[in-house]
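**Q** Pasting structure.cif here (mmCIF, C-alpha atoms, pLDDT in the B column; chains and numbers go by the auth columns):
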data_run
#
loop_
_atom_site.group_PDB
_atom_site.id
_atom_site.type_symbol
_atom_site.label_atom_id
_atom_site.label_comp_id
_atom_site.label_asym_id
_atom_site.label_seq_id
_atom_site.Cartn_x
_atom_site.Cartn_y
_atom_site.Cartn_z
_atom_site.B_iso_or_equiv
_atom_site.auth_seq_id
_atom_site.auth_asym_id
ATOM 1 C CA MET A 1 91.090 88.577 139.104 59.00 1 N
ATOM 2 C CA MET A 2 92.348 88.932 135.537 63.00 2 N
ATOM 3 C CA ILE A 3 90.156 89.451 132.520 68.00 3 N
ATOM 4 C CA GLY A 4 91.294 88.865 128.973 63.00 4 N
ATOM 5 C CA CYS A 5 90.270 87.445 125.662 65.00 5 N
ATOM 6 C CA ASP A 6 91.473 84.798 123.308 62.00 6 N
ATOM 7 C CA GLY A 7 94.272 86.034 121.018 62.00 7 N
ATOM 8 C CA ASP A 8 92.301 85.010 117.916 69.00 8 N
ATOM 9 C CA PHE A 9 89.547 87.396 118.934 67.00 9 N
ATOM 10 C CA LEU A 10 91.882 90.326 118.260 69.00 10 N
ATOM 11 C CA GLU A 11 92.887 89.119 114.784 74.00 11 N
ATOM 12 C CA LEU A 12 90.174 90.706 112.682 76.00 12 N
ATOM 13 C CA THR A 13 89.979 90.760 108.900 76.00 13 N
ATOM 14 C CA ASN A 14 88.783 93.984 107.317 78.00 14 N
ATOM 15 C CA PRO A 15 85.816 92.996 105.130 78.00 15 N
ATOM 16 C CA ASN A 16 86.175 96.214 103.104 80.00 16 N
ATOM 17 C CA LEU A 17 89.777 95.614 102.058 79.00 17 N
ATOM 18 C CA PRO A 18 90.362 93.393 99.038 77.00 18 N
ATOM 19 C CA THR A 19 93.038 90.741 99.354 79.00 19 N
ATOM 20 C CA THR A 20 94.911 88.732 96.756 78.00 20 N
ATOM 21 C CA ASP A 21 92.545 85.864 97.553 82.00 21 N
ATOM 22 C CA THR A 22 89.455 87.959 96.745 80.00 22 N
ATOM 23 C CA PHE A 23 90.555 90.581 94.210 80.00 23 N
ATOM 24 C CA TRP A 24 92.435 89.047 91.287 81.00 24 N
ATOM 25 C CA LYS A 25 89.558 86.948 89.968 88.00 25 N
ATOM 26 C CA THR A 26 88.179 88.705 86.859 90.00 26 N
ATOM 27 C CA ALA A 27 89.210 90.862 83.928 93.00 27 N
ATOM 28 C CA GLU A 28 87.347 93.728 85.628 92.00 28 N
ATOM 29 C CA ASP A 29 89.712 93.369 88.613 87.00 29 N
ATOM 30 C CA ALA A 30 92.671 93.815 86.264 88.00 30 N
ATOM 31 C CA VAL A 31 91.107 96.959 84.767 90.00 31 N
ATOM 32 C CA LYS A 32 90.528 98.361 88.270 86.00 32 N
ATOM 33 C CA ALA A 33 94.166 97.695 89.150 84.00 33 N
ATOM 34 C CA VAL A 34 95.462 99.464 86.040 86.00 34 N
ATOM 35 C CA ASN A 35 93.134 102.412 86.656 86.00 35 N
ATOM 36 C CA ALA A 36 94.457 102.636 90.209 83.00 36 N
ATOM 37 C CA CYS A 37 97.997 102.894 88.830 83.00 37 N
ATOM 38 C CA TYR A 38 97.073 105.912 86.726 85.00 38 N
ATOM 39 C CA GLU A 39 94.889 107.727 89.249 84.00 39 N
ATOM 40 C CA PRO A 40 97.800 109.352 91.141 83.00 40 N
ATOM 41 C CA LEU A 41 98.688 111.248 87.977 84.00 41 N
ATOM 42 C CA THR A 42 95.554 113.340 88.605 86.00 42 N
ATOM 43 C CA PHE A 43 96.670 114.489 92.070 86.00 43 N
ATOM 44 C CA ASP A 44 97.396 118.227 92.551 84.00 44 N
ATOM 45 C CA GLY A 45 101.125 117.735 92.952 84.00 45 N
ATOM 46 C CA MET A 46 101.335 115.522 89.898 86.00 46 N
ATOM 47 C CA TYR A 47 99.959 116.125 86.397 84.00 47 N
ATOM 48 C CA GLY A 48 96.575 117.204 87.719 82.00 48 N
ATOM 49 C CA ARG A 49 97.960 120.633 88.522 82.00 49 N
ATOM 50 C CA PHE A 50 101.441 121.541 89.653 84.00 50 N
ATOM 51 C CA MET A 51 103.761 119.127 87.827 85.00 51 N
ATOM 52 C CA HIS A 52 103.244 121.072 84.580 83.00 52 N
ATOM 53 C CA ILE A 53 104.331 124.245 86.311 84.00 53 N
ATOM 54 C CA LEU A 54 107.386 122.633 87.892 84.00 54 N
ATOM 55 C CA GLN A 55 108.536 121.188 84.587 85.00 55 N
ATOM 56 C CA ASP A 56 107.429 123.613 81.872 86.00 56 N
ATOM 57 C CA LEU A 57 108.400 126.880 83.536 83.00 57 N
ATOM 58 C CA ARG A 58 111.954 125.605 83.878 82.00 58 N
ATOM 59 C CA SER A 59 112.257 125.190 80.124 82.00 59 N
ATOM 60 C CA ASP A 60 112.017 127.348 77.046 79.00 60 N
ATOM 61 C CA ASP A 61 108.582 125.879 76.330 79.00 61 N
ATOM 62 C CA ALA A 62 106.603 128.178 78.615 79.00 62 N
ATOM 63 C CA ALA A 63 106.650 131.550 80.287 76.00 63 N
ATOM 64 C CA GLY A 64 104.615 132.568 83.269 71.00 64 N
ATOM 65 C CA ASP A 65 103.394 135.942 84.389 78.00 65 N
ATOM 66 C CA SER A 66 101.445 134.702 87.383 81.00 66 N
ATOM 67 C CA PRO A 67 100.983 137.122 90.266 87.00 67 N
ATOM 68 C CA TRP A 68 101.634 134.177 92.615 84.00 68 N
ATOM 69 C CA GLY A 69 105.252 134.419 93.705 83.00 69 N
ATOM 70 C CA GLU A 70 105.551 130.664 94.095 83.00 70 N
ATOM 71 C CA ILE A 71 104.954 130.164 90.374 83.00 71 N
ATOM 72 C CA GLN A 72 107.311 133.019 89.464 84.00 72 N
ATOM 73 C CA ASN A 73 110.021 131.404 91.572 85.00 73 N
ATOM 74 C CA VAL A 74 109.713 128.142 89.626 85.00 74 N
ATOM 75 C CA GLY A 75 110.755 129.898 86.426 82.00 75 N
ATOM 76 C CA LEU A 76 113.551 131.703 88.257 84.00 76 N
ATOM 77 C CA PHE A 77 114.884 128.428 89.740 86.00 77 N
ATOM 78 C CA ASN A 78 114.384 130.016 93.129 87.00 78 N
ATOM 79 C CA LEU A 79 112.834 127.175 95.135 84.00 79 N
ATOM 80 C CA ASN A 80 113.703 125.306 98.280 81.00 80 N
ATOM 81 C CA ALA A 81 112.373 122.219 100.008 76.00 81 N
ATOM 82 C CA ALA A 82 109.727 124.252 101.843 81.00 82 N
ATOM 83 C CA SER A 83 108.293 125.710 98.627 85.00 83 N
ATOM 84 C CA PHE A 84 104.700 124.791 97.871 84.00 84 N
ATOM 85 C CA GLY A 85 105.220 123.249 94.415 83.00 85 N
ATOM 86 C CA PRO A 86 108.003 120.810 95.301 85.00 86 N
ATOM 87 C CA PHE A 87 106.150 119.971 98.511 86.00 87 N
ATOM 88 C CA LEU A 88 102.999 119.038 96.546 86.00 88 N
ATOM 89 C CA ALA A 89 104.984 116.964 94.067 85.00 89 N
ATOM 90 C CA TRP A 90 106.799 115.131 96.856 85.00 90 N
ATOM 91 C CA ARG A 91 103.616 114.600 98.896 87.00 91 N
ATOM 92 C CA ASP A 92 101.585 113.245 96.008 86.00 92 N
ATOM 93 C CA ALA A 93 104.364 111.062 94.595 83.00 93 N
ATOM 94 C CA THR A 94 104.822 109.572 98.070 83.00 94 N
ATOM 95 C CA MET A 95 101.078 109.061 98.548 79.00 95 N
ATOM 96 C CA ALA A 96 100.818 107.456 95.123 72.00 96 N
ATOM 97 C CA SER A 97 103.313 104.806 96.125 68.00 97 N
ATOM 98 C CA THR A 98 102.153 104.162 99.681 68.00 98 N
ATOM 99 C CA GLU A 99 98.400 104.676 99.949 64.00 99 N
ATOM 100 C CA PRO A 100 95.327 103.159 98.363 58.00 100 N
ATOM 101 C CA THR A 101 93.644 105.222 95.676 54.00 101 N
ATOM 102 C CA ARG A 102 91.343 108.067 96.626 52.00 102 N
ATOM 103 C CA SER A 103 88.313 106.955 94.635 48.00 103 N
#
When written as structure tokens, how does the structure in this file appear?

**A**
Amino acid sequence: MMIGCDGDFLELTNPNLPTTDTFWKTAEDAVKAVNACYEPLTFDGMYGRFMHILQDLRSDDAAGDSPWGEIQNVGLFNLNAASFGPFLAWRDATMASTEPTRS
């Protein structure tokens, strides 16, 4: 005896996920979309925290005397792919382009 279900039964639509058929209807939807584009800039690895350190400490615009070695190494150009700062920047830039917003 074999038990199964109709293939259409498995094709479910997520009622919580907006689609192009349901989202782009009002001016408010457009504002929400633009806000979602800017939200990733607030992430820790972006301008919300670590991007300033990664950029400014490598210039003549800033100097850091942080006791945290990771921040000191930014100014010394002594980082590798496993360093915390570049990891955060990479993680958050990737999440910004591949995942829905956090709010």

**Q** Translate the PyMOL selection byres ((chain N and resi 70) around 8) into a concrete residue list for this structure, as a PyMOL selection string.

**A** chain N and resi 68-69+71-74+83-85

**Q** Let me know the residues the PyMOL selection byres ((chain N and resi 54) around 9) catches in the file above, as a short mmCIF file (atom, residue, chain, number, x, y, z; two decimals) with C-alpha atoms, in the frame of the given file.

**A**
data_model
loop_
_atom_site.label_atom_id
_atom_site.label_comp_id
_atom_site.auth_asym_id
_atom_site.auth_seq_id
_atom_site.Cartn_x
_atom_site.Cartn_y
_atom_site.Cartn_z
CA PHE N 50 101.44 121.54 89.65
CA MET N 51 103.76 119.13 87.83
CA HIS N 52 103.24 121.07 84.58
CA ILE N 53 104.33 124.24 86.31
CA GLN N 55 108.54 121.19 84.59
CA ASP N 56 107.43 123.61 81.87
CA LEU N 57 108.40 126.88 83.54
CA ARG N 58 111.95 125.60 83.88
CA ILE N 71 104.95 130.16 90.37
CA VAL N 74 109.71 128.14 89.63
CA GLY N 75 110.76 129.90 86.43
CA GLY N 85 105.22 123.25 94.42
CA PRO N 86 108.00 120.81 95.30
CA ALA N 89 104.98 116.96 94.07
#

**Q** In Å, how far is it from CA of Glu11 (chain N) to CA of Trp24 (chain N)?

**A** 23.5 Å

**Q** Smallest atom-to-atom distance to Leu88 (chain N): which of N:Asp29, N:Asp60, N:Asp44, N:Glu39, using all atoms listed in the file?

**A**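 Answer, going by the shortest atom-to-atom distance: N:Asp44.
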
**Q** Just to confirm, what's the straight-line distance from CA of Arg91 (chain N) to CA of Gly45 (chain N) in Å (one decimal)?

**A** 7.2 Å

**Q** Just give me the gap between CA of Phe43 (chain N) and CA of Phe87 (chain N) in Å, one decimal is fine.

**A**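 Computing the Euclidean distance for CA of Phe43 (chain N) and CA of Phe87 (chain N) yields 12.7 Å.
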